[in-house]
>>> print(open('model13.pdb').read())   # PDB, C-alpha atoms
ATOM      1  CA  MET A  12      89.958  85.891  82.680
ATOM      2  CA  GLN A  13      91.839  89.080  83.618
ATOM      3  CA  SER A  14      95.606  89.265  83.753
ATOM      4  CA  GLU A  15      97.075  89.878  87.188
ATOM      5  CA  PRO A  16      98.112  93.519  86.647
ATOM      6  CA  ALA A  17      94.685  94.268  85.131
ATOM      7  CA  ALA A  18      92.889  92.653  88.077
ATOM      8  CA  ILE A  19      95.007  94.575  90.568
ATOM      9  CA  GLU A  20      94.493  97.793  88.688
ATOM     10  CA  GLN A  21      90.749  97.229  88.774
ATOM     11  CA  LEU A  22      90.892  96.639  92.537
ATOM     12  CA  TYR A  23      92.882  99.823  92.881
ATOM     13  CA  ARG A  24      90.393 101.845  90.816
ATOM     14  CA  GLN A  25      87.410 100.480  92.725
ATOM     15  CA  HIS A  26      88.667 100.546  96.299
ATOM     16  CA  SER A  27      91.731 102.755  96.707
ATOM     17  CA  SER A  28      89.680 105.858  97.457
ATOM     18  CA  GLU A  29      87.737 104.323 100.363
ATOM     19  CA  LEU A  30      90.833 102.547 101.656
ATOM     20  CA  TYR A  31      92.717 105.815 101.585
ATOM     21  CA  SER A  32      89.883 107.513 103.433
ATOM     22  CA  TYR A  33      89.888 104.708 106.054
ATOM     23  CA  LEU A  34      93.649 104.998 106.510
ATOM     24  CA  ALA A  35      93.714 108.804 106.469
ATOM     25  CA  ARG A  36      91.215 108.933 109.339
ATOM     26  CA  ARG A  37      93.545 106.786 111.405
ATOM     27  CA  CYS A  38      96.904 108.303 110.526
ATOM     28  CA  PRO A  39      98.486 111.466 111.876
ATOM     29  CA  ASP A  40      99.048 112.804 108.354
ATOM     30  CA  THR A  41      98.001 112.095 104.788
ATOM     31  CA  ALA A  42     101.551 111.170 103.756
ATOM     32  CA  THR A  43     101.504 108.221 106.161
ATOM     33  CA  ALA A  44      98.066 107.225 104.869
ATOM     34  CA  GLY A  45      99.433 107.347 101.315
ATOM     35  CA  ASP A  46     102.390 105.187 102.310
ATOM     36  CA  LEU A  47     100.116 102.660 103.992
ATOM     37  CA  LEU A  48      97.830 102.549 100.957
ATOM     38  CA  GLN A  49     100.866 101.847  98.846
ATOM     39  CA  GLU A  50     101.987  99.134 101.280
ATOM     40  CA  THR A  51      98.502  97.641 101.157
ATOM     41  CA  PHE A  52      98.551  97.323  97.378
ATOM     42  CA  LEU A  53     102.140  96.150  97.394
ATOM     43  CA  GLN A  54     100.933  93.349  99.662
ATOM     44  CA  VAL A  55      98.159  92.649  97.146
ATOM     45  CA  VAL A  56     100.760  92.417  94.369
ATOM     46  CA  ARG A  57     102.768  89.993  96.540
ATOM     47  CA  GLN A  58      99.668  87.853  97.082
ATOM     48  CA  THR A  59      98.420  87.771  93.503
ATOM     49  CA  ASP A  60      98.289  83.976  93.630
ATOM     50  CA  GLN A  61      95.449  84.334  96.157
ATOM     51  CA  LEU A  62      93.372  86.625  93.920
ATOM     52  CA  PRO A  63      91.314  83.875  92.240
ATOM     53  CA  THR A  64      90.250  82.524  95.650
ATOM     54  CA  VAL A  65      89.232  85.880  97.128
ATOM     55  CA  THR A  66      85.450  85.892  97.484
ATOM     56  CA  MET A  67      85.097  89.306  99.149
ATOM     57  CA  PRO A  68      87.735  91.558  97.613
ATOM     58  CA  ARG A  69      86.636  94.641  99.534
ATOM     59  CA  ALA A  70      86.832  92.863 102.885
ATOM     60  CA  TRP A  71      90.131  91.289 101.857
ATOM     61  CA  LEU A  72      91.585  94.716 101.053
ATOM     62  CA  PHE A  73      90.310  96.244 104.280
ATOM     63  CA  GLY A  74      91.808  93.314 106.170
ATOM     64  CA  ILE A  75      95.211  93.987 104.590
ATOM     65  CA  ALA A  76      94.928  97.747 105.164
ATOM     66  CA  ARG A  77      94.011  97.180 108.795
ATOM     67  CA  HIS A  78      96.984  94.851 109.179
ATOM     68  CA  MET A  79      99.297  97.469 107.634
ATOM     69  CA  LEU A  80      97.918 100.093 109.987
ATOM     70  CA  ALA A  81      98.452  97.891 113.030
ATOM     71  CA  ARG A  82     101.987  97.082 111.871
ATOM     72  CA  HIS A  83     102.703 100.783 111.396
ATOM     73  CA  TYR A  84     101.602 101.598 114.952
ATOM     74  CA  ARG A  85     103.546  98.648 116.343
ATOM     75  CA  ARG A  86     106.685  99.912 114.622
ATOM     76  CA  GLN A  87     106.046 103.407 115.918
ATOM     77  CA  ARG A  88     105.517 101.941 119.390
ATOM     78  CA  ASP A  89     102.563 104.282 119.626
ATOM     79  CA  PRO A  90     100.754 103.681 122.901
ATOM     80  CA  LEU A  91      97.435 104.851 121.419
ATOM     81  CA  PRO A  92      95.140 102.152 120.079
ATOM     82  CA  VAL A  93      94.792 102.478 116.316
ATOM     83  CA  ALA A  94      91.108 103.246 116.337
ATOM     84  CA  GLN A  95      91.449 106.023 118.892
ATOM     85  CA  THR A  96      93.717 108.293 116.918
ATOM     86  CA  TRP A  97      91.074 109.568 114.554
ATOM     87  CA  TYR A  98      88.714 110.618 117.323
ATOM     88  CA  GLU A  99      91.484 112.036 119.454
ATOM     89  CA  SER A 100      93.213 114.038 116.778
ATOM     90  CA  THR A 101      90.325 115.492 114.780
ATOM     91  CA  PRO A 102      89.425 118.924 116.103
ATOM     92  CA  GLU A 103      85.876 119.621 117.222
ATOM     93  CA  PRO A 104      84.130 121.755 114.558
ATOM     94  CA  ALA A 105      82.813 125.074 115.886
ATOM     95  CA  ALA A 106      79.095 125.598 116.517
ATOM     96  CA  GLN A 107      78.425 121.889 116.433
ATOM     97  CA  ASP A 108      75.283 120.155 117.591
ATOM     98  CA  ASP A 109      75.655 119.256 121.303
ATOM     99  CA  ARG A 110      74.330 115.827 120.587
ATOM    100  CA  LEU A 111      77.107 115.239 118.066
ATOM    101  CA  ALA A 112      79.707 116.200 120.661
ATOM    102  CA  ALA A 113      78.093 113.845 123.179
ATOM    103  CA  MET A 114      77.998 111.066 120.615
ATOM    104  CA  ARG A 115      81.626 111.687 119.763
ATOM    105  CA  GLU A 116      82.513 111.304 123.422
ATOM    106  CA  ALA A 117      80.353 108.179 123.719
ATOM    107  CA  ILE A 118      82.052 106.567 120.721
ATOM    108  CA  ARG A 119      85.438 107.492 122.122
ATOM    109  CA  ASN A 120      84.541 105.670 125.342
ATOM    110  CA  LEU A 121      83.398 102.488 123.627
ATOM    111  CA  PRO A 122      85.578  99.409 124.175
ATOM    112  CA  ALA A 123      88.038  99.203 121.282
ATOM    113  CA  GLU A 124      86.623  96.030 119.730
ATOM    114  CA  LEU A 125      83.063  97.414 119.711
ATOM    115  CA  ARG A 126      84.223 100.725 118.252
ATOM    116  CA  ASP A 127      86.329  99.015 115.628
ATOM    117  CA  THR A 128      83.402  96.852 114.512
ATOM    118  CA  LEU A 129      80.967  99.770 114.511
ATOM    119  CA  GLU A 130      83.339 101.889 112.432
ATOM    120  CA  LEU A 131      83.581  99.230 109.760
ATOM    121  CA  ARG A 132      79.782  99.129 109.571
ATOM    122  CA  LEU A 133      78.895 102.830 109.803
ATOM    123  CA  GLU A 134      81.960 104.500 108.361
ATOM    124  CA  GLN A 135      82.867 102.005 105.647
ATOM    125  CA  GLU A 136      79.424 100.424 105.196
ATOM    126  CA  LEU A 137      80.813  96.907 105.184
ATOM    127  CA  SER A 138      78.287  94.095 105.506
ATOM    128  CA  TYR A 139      78.290  91.850 108.584
ATOM    129  CA  GLU A 140      79.940  89.124 106.473
ATOM    130  CA  GLU A 141      82.652  91.481 105.269
ATOM    131  CA  ILE A 142      83.336  92.739 108.798
ATOM    132  CA  ALA A 143      83.623  89.142 109.996
ATOM    133  CA  HIS A 144      86.187  88.558 107.236
ATOM    134  CA  VAL A 145      88.162  91.721 108.052
ATOM    135  CA  LEU A 146      88.267  91.064 111.790
ATOM    136  CA  ASP A 147      88.586  87.293 111.382
ATOM    137  CA  VAL A 148      85.756  86.569 113.813
ATOM    138  CA  PRO A 149      82.466  84.671 113.386
ATOM    139  CA  ILE A 150      79.539  86.623 111.978
ATOM    140  CA  GLY A 151      77.613  86.099 115.227
ATOM    141  CA  THR A 152      80.386  87.916 117.071
ATOM    142  CA  VAL A 153      80.122  90.833 114.645
ATOM    143  CA  ARG A 154      76.384  91.030 115.183
ATOM    144  CA  SER A 155      76.631  90.883 118.954
ATOM    145  CA  ARG A 156      79.430  93.496 119.013
ATOM    146  CA  LEU A 157      77.358  95.840 116.850
ATOM    147  CA  HIS A 158      74.302  95.325 119.025
ATOM    148  CA  ASN A 159      76.290  95.949 122.191
ATOM    149  CA  ALA A 160      77.837  99.078 120.702
ATOM    150  CA  VAL A 161      74.476 100.543 119.641
ATOM    151  CA  ARG A 162      72.900  99.599 122.985
ATOM    152  CA  HIS A 163      75.797 101.247 124.801
ATOM    153  CA  LEU A 164      75.581 104.425 122.709
ATOM    154  CA  ARG A 165      71.829 104.661 123.124
ATOM    155  CA  GLY A 166      72.217 104.214 126.879
ATOM    156  CA  THR A 167      74.815 106.970 126.998
ATOM    157  CA  MET A 168      72.770 109.354 124.873
ATOM    158  CA  THR A 169      69.567 108.883 126.834
ATOM    159  CA  LYS A 170      71.312 109.225 130.239
ATOM    160  CA  PRO A 171      74.096 111.765 129.677
ATOM    161  CA  GLU A 172      74.198 112.876 133.344
ATOM    162  CA  GLU A 173      75.237 109.350 134.443
ATOM    163  CA  THR A 174      78.235 109.198 132.127
ATOM    164  CA  ASN A 175      79.397 112.669 133.082
ATOM    165  CA  SER A 176      79.362 111.929 136.821
TER     166      SER A 176
ATOM    167  CA  MET B  12      57.128  89.920 120.913
ATOM    168  CA  LYS B  13      59.866  89.338 123.482
ATOM    169  CA  PRO B  14      61.712  92.595 124.315
ATOM    170  CA  ASP B  15      65.198  91.198 123.594
ATOM    171  CA  ILE B  16      64.125  89.835 120.190
ATOM    172  CA  LEU B  17      62.424  93.123 119.393
ATOM    173  CA  GLU B  18      65.559  95.060 120.339
ATOM    174  CA  ARG B  19      67.765  92.862 118.143
ATOM    175  CA  LEU B  20      65.443  93.381 115.189
ATOM    176  CA  LEU B  21      65.319  97.140 115.798
ATOM    177  CA  ILE B  22      69.103  97.418 115.983
ATOM    178  CA  ASP B  23      69.571  95.373 112.812
ATOM    179  CA  ARG B  24      67.018  97.620 111.137
ATOM    180  CA  ALA B  25      68.785 100.773 112.349
ATOM    181  CA  LEU B  26      72.067  99.367 111.044
ATOM    182  CA  GLY B  27      70.415  98.703 107.686
ATOM    183  CA  ARG B  28      70.848  94.952 107.843
ATOM    184  CA  LEU B  29      67.313  93.694 108.388
ATOM    185  CA  ASP B  30      65.801  91.350 105.853
ATOM    186  CA  PRO B  31      63.136  93.279 103.791
ATOM    187  CA  ASP B  32      60.386  90.761 104.625
ATOM    188  CA  ALA B  33      61.153  90.975 108.335
ATOM    189  CA  GLU B  34      61.145  94.760 108.072
ATOM    190  CA  VAL B  35      57.614  94.812 106.641
ATOM    191  CA  LEU B  36      56.395  92.689 109.561
ATOM    192  CA  LEU B  37      58.281  94.862 112.039
ATOM    193  CA  VAL B  38      56.779  98.079 110.676
ATOM    194  CA  ASP B  39      53.307  96.557 111.084
ATOM    195  CA  TYR B  40      54.136  95.596 114.638
ATOM    196  CA  LEU B  41      55.498  99.068 115.482
ATOM    197  CA  ALA B  42      52.306 100.697 114.181
ATOM    198  CA  ASN B  43      50.416  98.957 116.987
ATOM    199  CA  ASP B  44      52.993  99.391 119.762
ATOM    200  CA  PRO B  45      53.854 103.042 120.560
ATOM    201  CA  ALA B  46      56.529 102.103 123.151
ATOM    202  CA  ALA B  47      58.311  99.902 120.648
ATOM    203  CA  ALA B  48      57.967 102.671 118.043
ATOM    204  CA  THR B  49      59.677 105.112 120.429
ATOM    205  CA  GLN B  50      62.452 102.598 121.063
ATOM    206  CA  ALA B  51      62.851 102.123 117.307
ATOM    207  CA  ARG B  52      63.100 105.879 116.751
ATOM    208  CA  GLU B  53      65.709 106.288 119.488
ATOM    209  CA  LEU B  54      67.842 103.485 118.085
ATOM    210  CA  GLN B  55      67.531 104.916 114.595
ATOM    211  CA  GLU B  56      68.612 108.365 115.821
ATOM    212  CA  THR B  57      71.512 106.844 117.747
ATOM    213  CA  VAL B  58      72.820 105.069 114.669
ATOM    214  CA  GLU B  59      72.323 108.156 112.475
ATOM    215  CA  LEU B  60      74.233 110.346 114.935
ATOM    216  CA  ALA B  61      77.031 107.803 115.259
ATOM    217  CA  THR B  62      77.259 107.569 111.470
ATOM    218  CA  LYS B  63      77.459 111.356 111.213
ATOM    219  CA  VAL B  64      80.277 111.487 113.752
ATOM    220  CA  MET B  65      82.191 108.583 112.262
ATOM    221  CA  ARG B  66      82.067 109.710 108.673
ATOM    222  CA  GLY B  67      83.029 113.236 109.712
ATOM    223  CA  PRO B  68      84.812 115.517 107.265
ATOM    224  CA  ALA B  69      86.292 113.395 104.527
ATOM    225  CA  PRO B  70      90.054 113.839 104.250
ATOM    226  CA  ALA B  71      91.175 115.321 100.966
ATOM    227  CA  VAL B  72      91.874 112.437  98.652
ATOM    228  CA  LYS B  73      95.239 112.828  97.021
ATOM    229  CA  MET B  74      96.032 109.548  95.394
ATOM    230  CA  PRO B  75      99.622 108.492  95.815
ATOM    231  CA  THR B  76     101.432 106.081  93.530
ATOM    232  CA  GLN B  77      99.717 104.619  90.521
ATOM    233  CA  ILE B  78      99.205 100.903  90.632
ATOM    234  CA  HIS B  79     101.424 100.022  87.668
ATOM    235  CA  GLN B  80     104.322 101.586  89.547
ATOM    236  CA  LEU B  81     103.615  99.187  92.414
ATOM    237  CA  VAL B  82     103.608  96.219  90.061
ATOM    238  CA  TRP B  83     106.935  97.324  88.621
ATOM    239  CA  ARG B  84     108.303  97.957  92.107
ATOM    240  CA  HIS B  85     107.354  94.429  93.090
ATOM    241  CA  ARG B  86     108.909  92.962  89.926
ATOM    242  CA  THR B  87     112.086  94.947  90.504
ATOM    243  CA  GLU B  88     112.197  93.647  94.077
ATOM    244  CA  ARG B  89     111.889  90.066  92.839
ATOM    245  CA  VAL B  90     114.584  90.509  90.206
ATOM    246  CA  LEU B  91     116.899  92.116  92.761
ATOM    247  CA  ALA B  92     116.199  89.327  95.249
ATOM    248  CA  LEU B  93     116.997  86.696  92.593
ATOM    249  CA  ALA B  94     120.160  88.525  91.590
ATOM    250  CA  ALA B  95     121.212  88.830  95.229
ATOM    251  CA  SER B  96     120.616  85.099  95.820
ATOM    252  CA  PHE B  97     122.644  84.261  92.713
ATOM    253  CA  ILE B  98     125.534  86.503  93.759
ATOM    254  CA  ILE B  99     125.523  85.132  97.306
ATOM    255  CA  GLY B 100     125.449  81.566  95.951
ATOM    256  CA  MET B 101     128.357  82.238  93.605
ATOM    257  CA  GLY B 102     130.275  83.956  96.400
ATOM    258  CA  LEU B 103     129.799  81.045  98.773
ATOM    259  CA  THR B 104     130.860  78.525  96.121
ATOM    260  CA  ALA B 105     133.981  80.562  95.328
ATOM    261  CA  LEU B 106     134.755  80.857  99.031
ATOM    262  CA  LEU B 107     134.433  77.101  99.563
ATOM    263  CA  LEU B 108     136.664  76.333  96.588
ATOM    264  CA  HIS B 109     139.186  78.886  97.774
ATOM    265  CA  THR B 110     139.421  77.503 101.310
ATOM    266  CA  ASN B 111     139.716  73.858 100.072
ATOM    267  CA  PRO B 112     141.481  74.048  96.644
ATOM    268  CA  HIS B 113     142.720  70.412  96.539
ATOM    269  CA  GLN B 114     139.383  68.876  97.336
ATOM    270  CA  GLU B 115     139.299  66.749  94.190
ATOM    271  CA  ASN B 116     142.753  65.237  95.006
ATOM    272  CA  VAL B 117     141.813  64.070  98.449
ATOM    273  CA  ALA B 118     141.471  60.334  98.407
ATOM    274  CA  VAL B 119     139.157  58.692 100.827
ATOM    275  CA  LEU B 120     141.164  56.240 102.787
ATOM    276  CA  ASN B 121     139.617  52.996 103.724
ATOM    277  CA  PRO B 122     139.741  52.422 107.425
ATOM    278  CA  PRO B 123     142.134  49.608 108.355
ATOM    279  CA  THR B 124     140.400  46.330 108.649
ATOM    280  CA  ILE B 125     141.470  43.347 110.550
ATOM    281  CA  ALA B 126     141.388  40.181 108.586
ATOM    282  CA  LYS B 127     138.764  37.781 109.689
ATOM    283  CA  ILE B 128     140.303  34.376 110.037
ATOM    284  CA  GLN B 129     138.812  31.118 111.124
ATOM    285  CA  PRO B 130     139.341  30.827 114.934
ATOM    286  CA  ALA B 131     140.604  27.237 114.789
ATOM    287  CA  LEU B 132     143.233  28.091 112.201
ATOM    288  CA  VAL B 133     144.297  31.119 114.176
ATOM    289  CA  LYS B 134     144.681  29.085 117.338
ATOM    290  CA  ASN B 135     146.934  26.573 115.563
ATOM    291  CA  LYS B 136     148.973  29.320 113.998
ATOM    292  CA  ILE B 137     149.407  31.141 117.310
ATOM    293  CA  GLU B 138     150.634  27.974 118.976
ATOM    294  CA  SER B 139     153.139  27.371 116.227
ATOM    295  CA  LEU B 140     154.717  30.824 116.444
ATOM    296  CA  PRO B 141     157.477  31.919 118.879
ATOM    297  CA  PHE B 142     155.982  33.304 122.081
ATOM    298  CA  TRP B 143     157.149  36.953 121.704
ATOM    299  CA  SER B 144     157.043  37.170 117.904
ATOM    300  CA  ASN B 145     155.313  40.170 116.270
ATOM    301  CA  GLN B 146     153.187  37.936 114.099
ATOM    302  CA  ARG B 147     151.886  36.058 117.171
ATOM    303  CA  MET B 148     151.040  39.388 118.860
ATOM    304  CA  TYR B 149     149.184  40.532 115.743
ATOM    305  CA  LEU B 150     147.181  37.333 115.477
ATOM    306  CA  LEU B 151     146.297  37.457 119.172
ATOM    307  CA  ALA B 152     145.102  41.045 118.830
ATOM    308  CA  SER B 153     143.054  40.374 115.687
ATOM    309  CA  SER B 154     141.396  37.278 117.136
ATOM    310  CA  ALA B 155     140.478  39.280 120.249
ATOM    311  CA  ALA B 156     138.962  42.058 118.063
ATOM    312  CA  ASN B 157     137.024  39.489 116.011
ATOM    313  CA  SER B 158     135.584  37.830 119.070
ATOM    314  CA  LYS B 159     134.498  41.296 120.388
ATOM    315  CA  GLU B 160     132.665  42.029 117.113
ATOM    316  CA  ASN B 161     130.912  38.692 117.277
ATOM    317  CA  VAL B 162     129.732  39.417 120.817
ATOM    318  CA  GLN B 163     128.287  42.800 119.733
TER     319      GLN B 163
END
>>> encode(input="model13.pdb", output="structure tokens")
Amino acid sequence: MQSEPAAIEQLYRQHSSELYSYLARRCPDTATAGDLLQETFLQVVRQTDQLPTVTMPRAWLFGIARHMLARHYRRQRDPLPVAQTWYESTPEPAAQDDRLAAMREAIRNLPAELRDTLELRLEQELSYEEIAHVLDVPIGTVRSRLHNAVRHLRGTMTKPEETNS
Amino acid sequence: MKPDILERLLIDRALGRLDPDAEVLLVDYLANDPAAATQARELQETVELATKVMRGPAPAVKMPTQIHQLVWRHRTERVLALAASFIIGMGLTALLLHTNPHQENVAVLNPPTIAKIQPALVKNKIESLPFWSNQRMYLLASSAANSKENVQ
């Protein structure tokens, strides 16, 4: 059995990069993302007694990171929903495929809970089970949210004139 | 196949979460249904485009604090918290002793009790005493208090 610091260090080595990427896409600057990553792992250190019972460490870490992110925005009293910041703040690359721009707009217009769920699947490649753990919802809810999101995006992409009007 | 079931399977497949056995059956089905094949392609393209947008340009990864520093930070926090609790506890104890320095000398006084005497004896005694004597007054008062207690 691993000692606590060794287990935490292993978690850090395996997941800190993707957690940092997740946080950096949702923070106004990389320094804030770094701080939140640090807060996430500090929380892990505080909850070391839970480590043996954690069945999905990746989902557990994402759950903590998401909580830290939400807490950060609550403290900032930022009126923007957490998930929106990344799409709002990232500049549109020049000479981009029109379809990508349309998709970007369609994702931006998704209801927050659908977008949040879809991001965890497509951006972070979490399984349905892991997403259910992160969002603390039943797996059926995850599946139906993902289906609704994809259906909505497909509808938008195949009928762009309706969304623009 | 029912359209809603087909759509669910196609979306799960596009999201990469369809069971391999079910996928084999679905591919066979799509080979014989051009409309369903078109729907499958559109869903696949939708998910691929969404993935491309969501992953976007990866932010430069500049790892912050190393994990052992976090562990030490947490340990330091715990030690400081313990030390603070100890100091506060000592301070409070000193403060209490300072505000009440003679605590150990304070004797607990027993509340005055009224002797319980047999009512018949008391009645005889009262009758034998001078009408306005202090002793008679005392016995009258104590017998009244005793009878009140008995009622309660």
>>> closest_atom_pairs(input="model13.pdb", of="chain A", to="chain B", cutoff="8 Å", atoms="all atoms listed in the file", output="tab-separated table")
residue	atom	partner	partner_atom	distance
A:Pro16	CA	B:Val82	CA	7.0
A:Ile19	CA	B:Ile78	CA	7.6
A:Glu20	CA	B:Ile78	CA	6.0
A:Tyr23	CA	B:Ile78	CA	6.8
A:Ser28	CA	B:Val72	CA	7.0
A:Tyr31	CA	B:Val72	CA	7.3
A:Ser32	CA	B:Pro70	CA	6.4
A:Ala35	CA	B:Pro70	CA	6.6
A:Arg36	CA	B:Pro70	CA	7.2
A:Gly45	CA	B:Pro75	CA	5.6
A:Asp46	CA	B:Pro75	CA	7.8
A:Gln49	CA	B:Thr76	CA	6.8
A:Phe52	CA	B:Leu81	CA	7.3
A:Leu53	CA	B:Leu81	CA	6.0
A:Val56	CA	B:Val82	CA	6.4
A:Arg57	CA	B:His85	CA	7.3
A:Arg110	CA	B:Leu60	CA	7.9
A:Leu111	CA	B:Leu60	CA	6.5
A:Met114	CA	B:Ala61	CA	6.3
A:Arg115	CA	B:Val64	CA	6.2
A:Ile118	CA	B:Ala61	CA	7.5
A:Glu130	CA	B:Met65	CA	6.8
A:Arg132	CA	B:Leu26	CA	7.9
A:Leu133	CA	B:Thr62	CA	5.3
A:Glu134	CA	B:Arg66	CA	5.2
A:Ser138	CA	B:Arg28	CA	7.8
A:His158	CA	B:Ile22	CA	6.4
A:Val161	CA	B:Val58	CA	6.9
A:Leu164	CA	B:Thr57	CA	6.9
A:Arg165	CA	B:Thr57	CA	5.8
A:Met168	CA	B:Thr57	CA	7.7
>>> write_last_selection(input="model13.pdb", atoms="C-alpha atoms", output="CSV table (one decimal), in the frame of the given file")
chain,number,residue,atom,x,y,z
A,16,PRO,CA,98.1,93.5,86.6
A,19,ILE,CA,95.0,94.6,90.6
A,20,GLU,CA,94.5,97.8,88.7
A,23,TYR,CA,92.9,99.8,92.9
A,28,SER,CA,89.7,105.9,97.5
A,31,TYR,CA,92.7,105.8,101.6
A,32,SER,CA,89.9,107.5,103.4
A,35,ALA,CA,93.7,108.8,106.5
A,36,ARG,CA,91.2,108.9,109.3
A,45,GLY,CA,99.4,107.3,101.3
A,46,ASP,CA,102.4,105.2,102.3
A,49,GLN,CA,100.9,101.8,98.8
A,52,PHE,CA,98.6,97.3,97.4
A,53,LEU,CA,102.1,96.2,97.4
A,56,VAL,CA,100.8,92.4,94.4
A,57,ARG,CA,102.8,90.0,96.5
A,110,ARG,CA,74.3,115.8,120.6
A,111,LEU,CA,77.1,115.2,118.1
A,114,MET,CA,78.0,111.1,120.6
A,115,ARG,CA,81.6,111.7,119.8
A,118,ILE,CA,82.1,106.6,120.7
A,130,GLU,CA,83.3,101.9,112.4
A,132,ARG,CA,79.8,99.1,109.6
A,133,LEU,CA,78.9,102.8,109.8
A,134,GLU,CA,82.0,104.5,108.4
A,138,SER,CA,78.3,94.1,105.5
A,158,HIS,CA,74.3,95.3,119.0
A,161,VAL,CA,74.5,100.5,119.6
A,164,LEU,CA,75.6,104.4,122.7
A,165,ARG,CA,71.8,104.7,123.1
A,168,MET,CA,72.8,109.4,124.9
>>> atom_distance(input="model13.pdb", atom1="atom CA of B:Ala156", atom2="atom CA of B:Pro130")
11.7 Å
>>> axis_aligned_box(input="model13.pdb", around="stretch 123-138 of chain A", padding_each_side="5 Å", output="JSON")
{"center_x": 83.2, "center_y": 99.3, "center_z": 113.2, "size_x": 19.8, "size_y": 20.4, "size_z": 26.1}
>>> resolve_selection(input="model13.pdb", expression="the PyMOL selection byres ((chain A and resi 147) around 12)", output="MDAnalysis selection string")
chainID A and resid 70:71 73:75 77:78 128 139:146 148:153
>>> atom_distance(input="model13.pdb", atom1="atom CA of A:Ala160", atom2="atom CA of A:Leu125")
5.6 Å
>>> atom_distance(input="model13.pdb", atom1="atom CA of B:Tyr40", atom2="atom CA of A:Gly166")
23.5 Å
